[in-house]
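Trainee: See protein.txt below, with compact mmCIF, C-alpha atoms.
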```txt
# COMPACT_ATOMS: atom_id res chain seq x y z
CA MET A 9 26.16 -19.40 9.23
CA SER A 10 27.70 -18.65 5.88
CA SER A 11 26.12 -15.91 3.86
CA ASP A 12 25.42 -18.41 1.08
CA LEU A 13 23.23 -20.57 3.29
CA LYS A 14 19.69 -20.23 2.06
CA TYR A 15 17.93 -23.02 3.87
CA ILE A 16 17.72 -24.02 7.50
CA GLU A 17 18.98 -27.54 7.97
CA SER A 18 16.28 -28.83 10.19
CA ARG A 19 13.10 -27.64 11.84
CA ARG A 20 14.60 -28.51 15.21
CA GLY A 21 17.68 -26.48 14.47
CA ALA A 22 15.57 -23.54 13.40
CA LEU A 23 13.45 -23.70 16.51
CA LYS A 24 16.55 -23.79 18.68
CA CYS A 25 17.78 -20.65 16.99
CA MET A 26 14.48 -18.86 17.29
CA ALA A 27 14.06 -19.71 20.97
CA PHE A 28 16.08 -16.59 21.58
CA GLY A 29 13.31 -14.33 20.55
CA GLY A 30 10.44 -13.58 18.26
CA ALA A 31 6.71 -13.87 18.54
CA GLY A 32 3.75 -14.53 16.32
CA THR A 33 3.90 -16.59 13.19
CA LEU A 34 7.33 -17.27 11.81
CA PHE A 35 7.85 -18.68 8.39
CA VAL A 36 10.75 -21.09 8.40
CA LEU A 37 12.50 -22.18 5.27
CA SER A 38 13.47 -25.83 5.34
CA ALA A 39 14.38 -27.93 2.31
CA GLY A 40 12.74 -25.30 0.15
CA ILE A 41 9.39 -25.50 1.91
CA LEU A 42 8.14 -22.65 4.00
CA THR A 43 6.27 -23.78 7.07
CA PRO A 44 4.57 -21.52 9.57
CA VAL A 45 5.82 -22.01 13.10
CA ASN A 46 3.75 -20.50 15.85
CA LEU A 47 6.14 -19.45 18.54
CA ALA A 48 5.17 -19.16 22.16
CA LEU A 49 4.29 -15.60 22.94
CA GLY A 50 6.43 -15.92 26.04
CA ALA A 51 9.32 -13.99 24.51
CA SER A 52 9.90 -11.10 26.84
CA LYS A 53 10.17 -7.50 25.81
CA GLU A 54 13.91 -7.62 26.45
CA SER A 55 14.70 -10.77 24.50
CA ALA A 56 12.53 -9.73 21.56
CA GLY A 57 14.83 -6.85 20.76
CA SER A 58 18.28 -7.90 21.83
CA VAL A 59 19.53 -10.99 20.05
CA THR A 60 17.61 -10.49 16.84
CA GLY A 61 19.09 -7.03 16.29
CA THR A 62 16.61 -5.41 13.93
CA PRO A 63 13.59 -3.96 15.70
CA LEU A 64 10.05 -4.35 14.48
CA PHE A 65 8.63 -2.14 11.81
CA LEU A 66 5.01 -1.68 10.93
CA GLN A 67 3.05 -1.86 7.69
CA ILE A 68 -0.20 0.09 7.50
CA SER A 69 -2.21 0.27 4.29
CA ASP A 70 -5.29 1.53 2.46
CA THR A 71 -6.51 4.07 4.98
CA HIS A 72 -8.80 5.64 2.29
CA ILE A 73 -9.39 8.90 4.14
CA GLY A 74 -12.40 10.50 2.45
CA PHE A 75 -14.40 7.29 1.99
CA ASN A 76 -17.77 7.61 3.69
CA LYS A 77 -20.15 5.04 2.25
CA GLU A 78 -21.89 2.03 3.76
CA ALA A 79 -18.91 -0.30 4.05
CA ASN A 80 -17.42 2.11 6.63
CA PRO A 81 -18.95 5.55 7.21
CA ASP A 82 -16.07 6.51 9.54
CA VAL A 83 -12.68 5.61 8.10
CA ALA A 84 -11.01 8.35 10.18
CA GLY A 85 -12.42 6.64 13.26
CA THR A 86 -11.07 3.22 12.34
CA LEU A 87 -7.69 4.78 11.51
CA LYS A 88 -7.64 6.44 14.94
CA GLU A 89 -8.47 3.09 16.53
CA THR A 90 -5.64 1.49 14.57
CA ILE A 91 -3.20 4.16 15.71
CA SER A 92 -4.23 3.68 19.37
CA PHE A 93 -3.78 -0.05 18.88
CA VAL A 94 -0.28 0.46 17.46
CA ASN A 95 0.67 2.96 20.17
CA ALA A 96 -0.25 0.35 22.76
CA MET A 97 2.04 -2.35 21.35
CA PRO A 98 4.52 -3.60 23.98
CA VAL A 99 7.46 -3.40 21.59
CA LYS A 100 7.35 -0.18 19.63
CA PRO A 101 8.20 -0.59 15.95
CA ALA A 102 11.04 1.62 14.79
CA LEU A 103 9.34 2.87 11.66
CA THR A 104 6.09 2.70 9.71
CA ILE A 105 5.57 1.93 6.05
CA HIS A 106 2.29 2.99 4.44
CA THR A 107 1.67 1.00 1.29
CA GLY A 108 -0.70 3.49 -0.30
CA ASP A 109 -4.31 4.60 -0.82
CA ILE A 110 -3.73 7.03 2.01
CA THR A 111 -6.71 8.98 0.65
CA HIS A 112 -9.81 7.94 -1.25
CA LEU A 113 -10.05 10.63 -3.94
CA SER A 114 -6.65 12.40 -3.91
CA LYS A 115 -8.29 15.53 -2.44
CA PRO A 116 -6.19 18.08 -0.51
CA GLU A 117 -8.50 17.98 2.51
CA GLU A 118 -8.22 14.20 2.56
CA PHE A 119 -4.42 14.37 2.61
CA ASP A 120 -4.64 17.02 5.35
CA MET A 121 -6.79 14.77 7.50
CA ALA A 122 -4.65 11.70 6.85
CA GLN A 123 -1.43 13.49 7.76
CA GLN A 124 -3.05 14.90 10.88
CA LEU A 125 -4.20 11.46 11.99
CA LEU A 126 -0.93 9.71 11.15
CA SER A 127 0.99 12.27 13.20
CA GLY A 128 -0.74 10.67 16.20
CA LEU A 129 1.42 7.57 15.75
CA SER A 130 4.07 7.29 18.47
CA ILE A 131 6.33 5.88 15.73
CA THR A 132 7.72 9.06 14.24
CA GLU A 133 9.42 7.70 11.13
CA LEU A 134 6.93 7.23 8.26
CA HIS A 135 7.71 6.08 4.73
CA THR A 136 5.03 6.00 2.04
CA VAL A 137 4.30 4.91 -1.49
CA PRO A 138 1.17 6.04 -3.34
CA GLY A 139 -1.88 3.98 -4.22
CA GLU A 140 -3.95 4.69 -7.33
CA HIS A 141 -6.47 6.55 -5.15
CA ASP A 142 -3.70 8.97 -4.14
CA VAL A 143 -2.76 9.96 -7.68
CA THR A 144 -6.05 9.90 -9.58
CA ASP A 145 -6.22 13.66 -10.08
CA GLY A 146 -3.66 16.10 -11.34
CA GLY A 147 -0.96 13.54 -12.06
CA GLY A 148 -0.49 12.99 -8.34
CA ALA A 149 0.37 16.61 -7.55
CA GLU A 150 -1.20 16.48 -4.08
CA TYR A 151 0.54 13.25 -3.09
CA PHE A 152 3.95 14.39 -4.32
CA SER A 153 3.68 17.85 -2.76
CA ARG A 154 3.33 16.13 0.62
CA PHE A 155 5.28 12.87 0.31
CA GLY A 156 7.43 13.33 -2.78
CA GLN A 157 10.58 14.55 -1.07
CA ALA A 158 11.88 11.08 -0.23
CA SER A 159 11.90 10.13 -3.89
CA ALA A 160 12.60 13.54 -5.50
CA ASN A 161 9.02 13.28 -6.82
CA LYS A 162 9.75 10.10 -8.74
CA GLY A 163 7.77 7.90 -6.37
CA TYR A 164 10.48 5.26 -5.98
CA TYR A 165 13.37 5.38 -3.51
CA SER A 166 15.40 3.30 -1.09
CA PHE A 167 16.85 3.69 2.38
CA ASP A 168 18.65 1.62 4.96
CA HIS A 169 17.71 0.92 8.53
CA ASN A 170 19.65 -1.31 10.89
CA GLY A 171 21.25 -3.28 8.08
CA VAL A 172 17.98 -3.84 6.22
CA HIS A 173 17.67 -2.28 2.76
CA PHE A 174 14.17 -0.87 2.14
CA ILE A 175 12.94 -0.14 -1.39
CA GLY A 176 9.74 1.81 -2.09
CA LEU A 177 8.33 1.26 -5.57
CA VAL A 178 5.44 2.91 -7.38
CA ASN A 179 3.24 0.82 -9.66
CA VAL A 180 0.10 2.96 -9.92
CA MET A 181 1.13 5.81 -12.20
CA ASN A 182 0.63 3.92 -15.47
CA PHE A 183 -1.69 0.98 -15.75
CA LYS A 184 -1.38 -1.77 -18.31
CA PRO A 185 -4.40 -2.07 -20.67
CA ASN A 186 -5.33 -5.32 -18.93
CA GLY A 187 -5.67 -3.44 -15.66
CA LEU A 188 -2.47 -4.61 -13.95
CA GLY A 189 -0.11 -2.07 -12.41
CA ALA A 190 3.22 -1.17 -13.98
CA LEU A 191 6.68 -0.13 -12.81
CA GLY A 192 8.02 1.19 -16.12
CA GLU A 193 11.47 1.10 -17.70
CA ASP A 194 12.98 4.02 -15.77
CA GLN A 195 12.07 2.59 -12.41
CA LEU A 196 13.28 -0.89 -13.37
CA ALA A 197 16.60 0.54 -14.51
CA TRP A 198 16.90 2.44 -11.25
CA LEU A 199 16.11 -0.71 -9.25
CA GLU A 200 18.74 -2.75 -11.05
CA GLN A 201 21.30 -0.06 -10.33
CA ASP A 202 20.21 0.32 -6.71
CA LEU A 203 20.75 -3.39 -6.03
CA LYS A 204 24.01 -3.74 -7.91
CA GLY A 205 26.97 -4.59 -5.72
CA ARG A 206 24.92 -5.20 -2.58
CA SER A 207 25.81 -8.34 -0.65
CA ALA A 208 23.31 -11.15 -1.09
CA SER A 209 23.09 -11.44 2.67
CA THR A 210 21.56 -7.95 2.96
CA PRO A 211 17.94 -8.38 3.97
CA ILE A 212 15.71 -6.58 1.49
CA VAL A 213 12.22 -5.20 2.09
CA VAL A 214 10.33 -4.02 -1.00
CA PHE A 215 7.11 -2.09 -0.54
CA ALA A 216 4.64 -1.04 -3.25
CA HIS A 217 0.89 -0.56 -3.45
CA MET A 218 -0.26 -3.07 -6.08
CA PRO A 219 0.62 -6.73 -5.55
CA MET A 220 3.98 -7.57 -7.10
CA TRP A 221 2.73 -10.95 -8.23
CA THR A 222 -0.43 -11.81 -10.14
CA ILE A 223 -3.10 -12.75 -7.65
CA PHE A 224 -6.14 -12.27 -9.90
CA GLU A 225 -5.74 -10.64 -13.31
CA PRO A 226 -9.45 -10.00 -14.09
CA TRP A 227 -9.49 -7.56 -11.17
CA GLY A 228 -6.11 -6.01 -11.94
CA TRP A 229 -4.51 -7.62 -8.90
CA GLY A 230 -0.91 -7.70 -10.05
CA THR A 231 1.93 -5.76 -11.67
CA GLY A 232 2.56 -6.40 -15.36
CA ASP A 233 6.34 -5.93 -15.33
CA ALA A 234 7.06 -7.21 -11.81
CA ASP A 235 8.90 -10.28 -13.10
CA GLN A 236 11.76 -8.11 -14.27
CA ALA A 237 12.02 -6.51 -10.83
CA MET A 238 11.96 -9.91 -9.12
CA SER A 239 14.77 -11.12 -11.37
CA TYR A 240 17.05 -8.49 -9.79
CA LEU A 241 15.97 -9.56 -6.30
CA ARG A 242 16.23 -13.31 -6.60
CA ARG A 243 19.90 -13.57 -5.63
CA PHE A 244 19.31 -12.11 -2.16
CA GLY A 245 19.01 -14.36 0.86
CA SER A 246 15.97 -12.68 2.37
CA VAL A 247 13.46 -10.61 0.40
CA THR A 248 10.14 -9.49 1.84
CA VAL A 249 7.65 -7.87 -0.53
CA LEU A 250 4.91 -5.89 1.19
CA ASN A 251 1.88 -4.75 -0.80
CA GLY A 252 -1.63 -3.42 -0.20
CA HIS A 253 -4.47 -2.60 -2.61
CA ILE A 254 -6.63 -5.68 -2.14
CA HIS A 255 -7.70 -5.03 1.47
CA GLN A 256 -7.06 -8.60 2.58
CA ILE A 257 -4.15 -10.87 3.31
CA VAL A 258 -2.78 -13.06 0.58
CA GLN A 259 0.71 -14.56 0.84
CA LYS A 260 3.09 -16.41 -1.40
CA VAL A 261 6.58 -17.72 -0.93
CA GLU A 262 9.01 -18.23 -3.76
CA GLY A 263 12.45 -19.39 -2.68
CA ASN A 264 13.84 -16.64 -0.47
CA ILE A 265 11.08 -14.21 -1.37
CA THR A 266 7.99 -13.75 0.80
CA PHE A 267 5.11 -11.81 -0.78
CA HIS A 268 2.45 -10.45 1.54
CA THR A 269 -0.53 -8.13 1.10
CA ALA A 270 -1.99 -6.31 4.10
CA ARG A 271 -5.45 -5.56 5.41
CA SER A 272 -6.93 -2.08 5.09
CA THR A 273 -7.80 0.15 8.04
CA ALA A 274 -10.90 1.33 6.15
CA TYR A 275 -12.94 -1.52 4.62
CA PRO A 276 -12.53 -5.07 3.33
CA GLN A 277 -12.90 -6.25 -0.25
CA PRO A 278 -14.29 -9.54 -1.56
CA THR A 279 -11.90 -12.42 -2.12
CA ALA A 280 -10.80 -12.92 -5.72
CA GLY A 281 -13.74 -13.40 -8.04
CA ASN A 282 -16.37 -13.41 -5.32
CA GLY A 283 -18.31 -10.39 -6.45
CA PRO A 284 -18.83 -8.09 -9.42
CA GLY A 285 -15.50 -6.41 -8.82
CA PRO A 286 -12.86 -5.25 -6.32
CA GLY A 287 -15.02 -2.67 -4.57
CA PRO A 288 -15.88 -2.05 -0.89
CA LEU A 289 -17.46 -5.03 0.84
CA LYS A 290 -20.17 -4.32 3.36
CA VAL A 291 -20.07 -6.62 6.39
CA PRO A 292 -22.08 -6.54 9.65
CA SER A 293 -20.71 -3.73 11.83
CA ASP A 294 -19.46 -6.12 14.53
CA GLN A 295 -17.47 -7.98 11.86
CA LEU A 296 -15.76 -4.90 10.44
CA PRO A 297 -13.01 -4.44 13.05
CA LYS A 298 -12.08 -8.12 12.61
CA MET A 299 -11.27 -7.43 8.97
CA LEU A 300 -9.19 -4.30 9.49
CA GLY A 301 -5.66 -4.22 10.87
CA VAL A 302 -1.91 -3.82 10.51
CA THR A 303 1.16 -6.00 9.97
CA SER A 304 4.29 -6.04 12.14
CA ILE A 305 7.48 -7.22 10.56
CA LYS A 306 10.72 -8.29 12.13
CA ILE A 307 13.79 -9.28 10.18
CA LEU A 308 15.80 -11.88 12.01
CA SER A 309 19.44 -12.31 11.20
CA HIS A 310 19.98 -15.74 12.68
CA PRO A 311 18.44 -17.55 10.92
CA GLN A 312 17.73 -15.05 8.17
CA VAL A 313 13.95 -15.05 8.04
CA ALA A 314 11.25 -12.44 8.05
CA SER A 315 8.63 -12.69 10.72
CA LEU A 316 5.26 -11.20 9.79
CA THR A 317 2.47 -10.76 12.31
CA ASP A 318 -0.95 -9.67 11.11
CA THR A 319 -3.19 -8.24 13.77
CA THR A 320 -6.78 -7.03 13.58
CA LEU A 321 -8.45 -4.27 15.55
CA VAL A 322 -10.59 -6.78 17.42
CA MET D 9 -70.28 -18.64 -7.99
CA SER D 10 -69.06 -21.79 -6.28
CA ALA D 11 -66.09 -21.48 -3.90
CA LYS D 12 -63.88 -23.29 -6.39
CA CYS D 13 -64.92 -20.92 -9.15
CA LEU D 14 -64.38 -17.86 -6.96
CA GLY D 15 -60.98 -19.17 -5.89
CA ARG D 16 -59.88 -19.72 -9.44
CA ASN D 17 -61.11 -16.31 -10.54
CA LEU D 18 -59.21 -14.68 -7.71
CA ILE D 19 -56.03 -16.51 -8.65
CA ASN D 20 -56.46 -15.51 -12.27
CA ALA D 21 -57.10 -11.90 -11.35
CA PHE D 22 -54.06 -11.90 -9.08
CA THR D 23 -51.86 -13.39 -11.80
CA VAL D 24 -53.02 -10.80 -14.30
CA LEU D 25 -52.40 -8.03 -11.78
CA MET D 26 -48.85 -9.34 -11.13
CA LEU D 27 -48.11 -9.60 -14.84
CA VAL D 28 -49.33 -6.09 -15.46
CA THR D 29 -47.21 -4.82 -12.57
CA VAL D 30 -44.12 -6.61 -13.83
CA VAL D 31 -44.56 -5.30 -17.35
CA TRP D 32 -45.25 -1.79 -16.14
CA THR D 33 -42.29 -1.79 -13.74
CA SER D 34 -39.87 -3.18 -16.31
CA GLY D 35 -41.13 -0.52 -18.67
CA LEU D 36 -40.25 2.08 -16.05
CA ILE D 37 -36.82 0.55 -15.47
CA SER D 38 -35.87 0.40 -19.12
CA ALA D 39 -37.16 3.91 -19.59
CA LYS D 40 -34.92 5.03 -16.72
CA ALA D 41 -31.83 3.27 -18.10
CA GLN D 42 -32.40 4.96 -21.39
CA ASP D 43 -32.36 8.38 -19.71
CA ALA D 44 -31.24 10.27 -22.73
CA ASN D 45 -27.47 10.61 -22.98
CA THR D 46 -26.58 9.10 -19.60
CA ILE D 47 -23.96 6.45 -19.08
CA VAL D 48 -23.57 4.63 -15.78
CA MET D 49 -20.54 2.96 -14.26
CA LYS D 50 -21.87 -0.20 -12.71
CA ASN D 51 -20.05 -3.40 -11.76
CA PHE D 52 -16.84 -2.09 -13.33
CA ASP D 53 -18.45 -1.50 -16.75
CA PHE D 54 -19.59 1.55 -18.69
CA SER D 55 -23.22 1.04 -19.63
CA PRO D 56 -24.09 1.46 -22.44
CA MET D 57 -20.65 0.80 -23.93
CA MET D 58 -21.57 2.54 -27.15
CA LEU D 59 -23.71 5.66 -27.26
CA SER D 60 -24.69 7.63 -30.33
CA VAL D 61 -25.57 11.29 -29.93
CA LYS D 62 -26.08 14.35 -32.11
CA ALA D 63 -23.42 17.05 -32.17
CA GLY D 64 -24.09 19.62 -29.47
CA THR D 65 -25.33 17.01 -26.98
CA THR D 66 -24.17 16.97 -23.37
CA VAL D 67 -23.45 13.46 -22.12
CA THR D 68 -23.62 12.61 -18.42
CA TRP D 69 -21.69 9.82 -16.70
CA LYS D 70 -22.79 8.63 -13.28
CA ASN D 71 -20.81 6.31 -11.00
CA LEU D 72 -23.02 3.74 -9.28
CA ASP D 73 -20.12 1.58 -8.04
CA GLY D 74 -18.68 1.64 -4.52
CA GLU D 75 -15.26 2.06 -6.12
CA PRO D 76 -14.29 5.42 -7.66
CA HIS D 77 -13.88 5.58 -11.43
CA THR D 78 -12.75 8.18 -13.93
CA VAL D 79 -13.82 9.05 -17.46
CA VAL D 80 -10.73 9.69 -19.55
CA SER D 81 -10.27 10.18 -23.26
CA PRO D 82 -6.78 8.87 -24.14
CA ASP D 83 -6.75 11.51 -26.91
CA GLY D 84 -7.04 14.21 -24.27
CA VAL D 85 -10.48 15.43 -25.32
CA PHE D 86 -12.03 15.10 -21.85
CA ARG D 87 -11.01 13.95 -18.40
CA SER D 88 -13.04 13.73 -15.23
CA HIS D 89 -11.85 14.01 -11.65
CA ALA D 90 -12.03 10.89 -9.46
CA LEU D 91 -15.75 10.13 -9.29
CA ASP D 92 -16.96 8.66 -6.01
CA GLN D 93 -20.16 6.63 -5.78
CA GLY D 94 -23.01 8.91 -6.79
CA ASP D 95 -20.77 11.51 -8.46
CA ALA D 96 -21.39 12.59 -12.04
CA PHE D 97 -19.37 14.08 -14.88
CA THR D 98 -20.66 15.85 -17.97
CA PHE D 99 -19.14 16.78 -21.29
CA LYS D 100 -20.63 18.55 -24.29
CA PHE D 101 -19.76 17.01 -27.66
CA ASP D 102 -19.74 19.69 -30.34
CA LYS D 103 -17.68 17.99 -33.04
CA PRO D 104 -18.80 14.82 -34.83
CA GLY D 105 -16.55 11.80 -34.49
CA THR D 106 -15.91 8.66 -32.48
CA TYR D 107 -14.61 9.30 -28.98
CA LYS D 108 -13.12 6.31 -27.20
CA TYR D 109 -12.60 6.56 -23.47
CA ILE D 110 -11.56 4.46 -20.48
CA CYS D 111 -11.46 4.51 -16.72
CA SER D 112 -7.85 5.44 -15.92
CA ILE D 113 -7.82 3.44 -12.69
CA HIS D 114 -9.41 0.34 -14.25
CA PRO D 115 -8.34 0.56 -17.90
CA LYS D 116 -10.15 -2.67 -18.80
CA MET D 117 -13.28 -0.49 -18.69
CA ARG D 118 -13.58 0.78 -22.24
CA ALA D 119 -16.39 2.49 -24.15
CA ALA D 120 -17.08 5.02 -26.88
CA ILE D 121 -19.35 7.89 -27.83
CA ILE D 122 -20.29 8.34 -31.49
CA VAL D 123 -21.19 11.91 -32.30
CA GLN D 124 -23.10 12.56 -35.51
```
Would you mind writing the file out in structure tokens?

Mentor:
Amino acid sequence: MSSDLKYIESRRGALKCMAFGGAGTLFVLSAGILTPVNLALGASKESAGSVTGTPLFLQISDTHIGFNKEANPDVAGTLKETISFVNAMPVKPALTIHTGDITHLSKPEEFDMAQQLLSGLSITELHTVPGEHDVTDGGGAEYFSRFGQASANKGYYSFDHNGVHFIGLVNVMNFKPNGLGALGEDQLAWLEQDLKGRSASTPIVVFAHMPMWTIFEPWGWGTGDADQAMSYLRRFGSVTVLNGHIHQIVQKVEGNITFHTARSTAYPQPTAGNGPGPGPLKVPSDQLPKMLGVTSIKILSHPQVASLTDTTLV
Amino acid sequence: MSAKCLGRNLINAFTVLMLVTVVWTSGLISAKAQDANTIVMKNFDFSPMMLSVKAGTTVTWKNLDGEPHTVVSPDGVFRSHALDQGDAFTFKFDKPGTYKYICSIHPKMRAAIIVQ
């Protein structure tokens, strides 16, 4: 397939291609419309890795270590359960991305506990971006002292893995007066530079805490200057934007760009507008593990699509 | 008294008792909300949004929301740590003036203290 090809010609053709591997829900681009295709989970461990090339990676989000109120009195417990769940996956993801709100109140002891728990992951490579809960106090000193190295304490950085270009962005350091997150001029300039000269066939994964599209402005669910960032990304054939913050899954597809927010491992939040605000939502205790979970992502090269699988603890 | 009469009297007495209770309770509630110089964060709002105090007064903020909030003066006069549900922050206002403040995590939350 030529690197300029953006759309799959036919659903049948796409399915033929994907029969080589993949599992879960695949989003297939055809004539500009993204349709979910549930593939048989018969893909064996061997085939899942071989033809597709890029191994799975994992997104975990909103662990909120330090939270201890009604909605979940034991967030360390649910994080441990999540880690056991991940460690038991038949195909081990190559790396983990944490999309922020690692802690609840930016406290040193909360970061200590979170790092201790996350070290229990059998996936050893961890990349993070901060959530607003991680940088509330002291200008983010605690977060950056532990996780700032990757970005020289700027918060934003990029790296490559198996031909996929990953970009971590920070949109929680300066909020817009309307409550939306913000990237800021420096970061936008850096992003433009970072993408310059890269082939449009390079799969891109962008990860940031706040949603990079406006889901619900009254609750601050969005990033005020995200449009400028997206303008630099639009020319690429496959862009996956992974966010957290809202503790539930919301997805949007725009051309070659898939936006996806993840569940929390700590507590759910109400859906947009269904409550006084975006705070912790108390649910019956048997319901809680059904609303917590992680996302596995695979980037396929042929055809060039991102496969996202959301799984819950129960 | 006839049964009907007794019944009606009982209903009347009950109604009066309920009314008195409601009035008394609401009196208690409003008295509590007006706890001198206390502002609560509730449902992503500062309440009351405008508070007038005399110079030398200590103001207390209390977070009643499940979501942490902060109390931050953009002019740098005062700044709380992240306040979890149930946490409080206090600040003593010595100088007269109008002090605007916001929650730094949810900047749509805006309020002011007027010190006289």

Trainee: Kindly provide, as a PyMOL selection string, the residues of chain A having any atom no farther than 9 Å from an atom of chain D, counting all atoms listed in the file.

Mentor: chain A and resi 75+77-79+112-114+140-141+144-146+180+182-188+226-228+283-289

Trainee: Please compute the CA of Asp142 in chain A-CA of Phe119 in chain A distance, one decimal, in Å.

Mentor: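 We find that CA of Asp142 in chain A and CA of Phe119 in chain A lie 8.7 Å from each other.
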
Trainee: Near range 162-172 of chain A, counting all atoms listed in the file, which residues have an atom at most 6 Å away, once you skip same-chain residues fewer than 4 positions from it, shown as a PyMOL selection string?

Mentor: chain A and resi 62+176-178+211-212

Trainee: Can you work out the spacing between CA of Ser55 in chain D and CA of His253 in chain A in Å, to one decimal?

Mentor: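 Going from CA of Ser55 in chain D over to CA of His253 in chain A covers 25.6 Å.
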
Trainee: How many Å lie between CA of Thr65 in chain D and CA of Gly147 in chain A, rounded to one decimal?

Mentor: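 Computing the Euclidean distance for CA of Thr65 in chain D and CA of Gly147 in chain A yields 28.8 Å.
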
Trainee: Please identify all polymer residues within 8 Å of Val83 in chain A, counting all atoms listed in the file, omitting same-chain residues fewer than 3 positions from it, and present them as a ChimeraX atom specification.

Mentor: /A:71-76,80,86-87,273-275

Trainee: If you count all atoms listed in the file, which residues fall within 7 Å of Lys100 in chain D, apart from same-chain ones fewer than 2 positions away, as a ChimeraX atom specification?

Mentor: /D:64-67,98,102

Trainee: Atoms to include: C-alpha atoms. Write the selected residues as a CSV table (one decimal), keeping the file's coordinate frame.

Mentor:
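Everything below was put into out-v1.csv:
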```csv
chain,number,residue,atom,x,y,z
D,64,GLY,CA,-24.1,19.6,-29.5
D,65,THR,CA,-25.3,17.0,-27.0
D,66,THR,CA,-24.2,17.0,-23.4
D,67,VAL,CA,-23.4,13.5,-22.1
D,98,THR,CA,-20.7,15.8,-18.0
D,102,ASP,CA,-19.7,19.7,-30.3
```

Trainee: Could you name the residues that touch Phe86 in chain D at 9 Å or less, counting all atoms listed in the file, but leaving out those on the same chain fewer than 5 positions away, as a VMD selection string?

Mentor: chain D and resid 79 to 81 99 109

Trainee: So, counting all atoms listed in the file, which residue among D:Leu18, D:Asp43, D:Thr68, D:Gly105 is closest to Val123 in chain D?

Mentor: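 Using all atoms listed in the file, Val123 in chain D sits closest to D:Gly105.
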
Trainee: I need the residue nearest Gln124 in chain A from this list: A:Ala84, A:Ile223, A:Gln195, A:Phe93. Use only C-alpha atoms for the distance.

Mentor: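 Comparing A:Ala84, A:Ile223, A:Gln195, A:Phe93 against Gln124 in chain A, the winner is A:Ala84.
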
Trainee: So that I can see what lies close to Gly94 in chain D, please list as a PyMOL selection string the residues with an atom at most 7 Å from it, counting all atoms listed in the file and leaving out residues fewer than 6 positions away in the same chain.

Mentor: chain D and resi 70-72
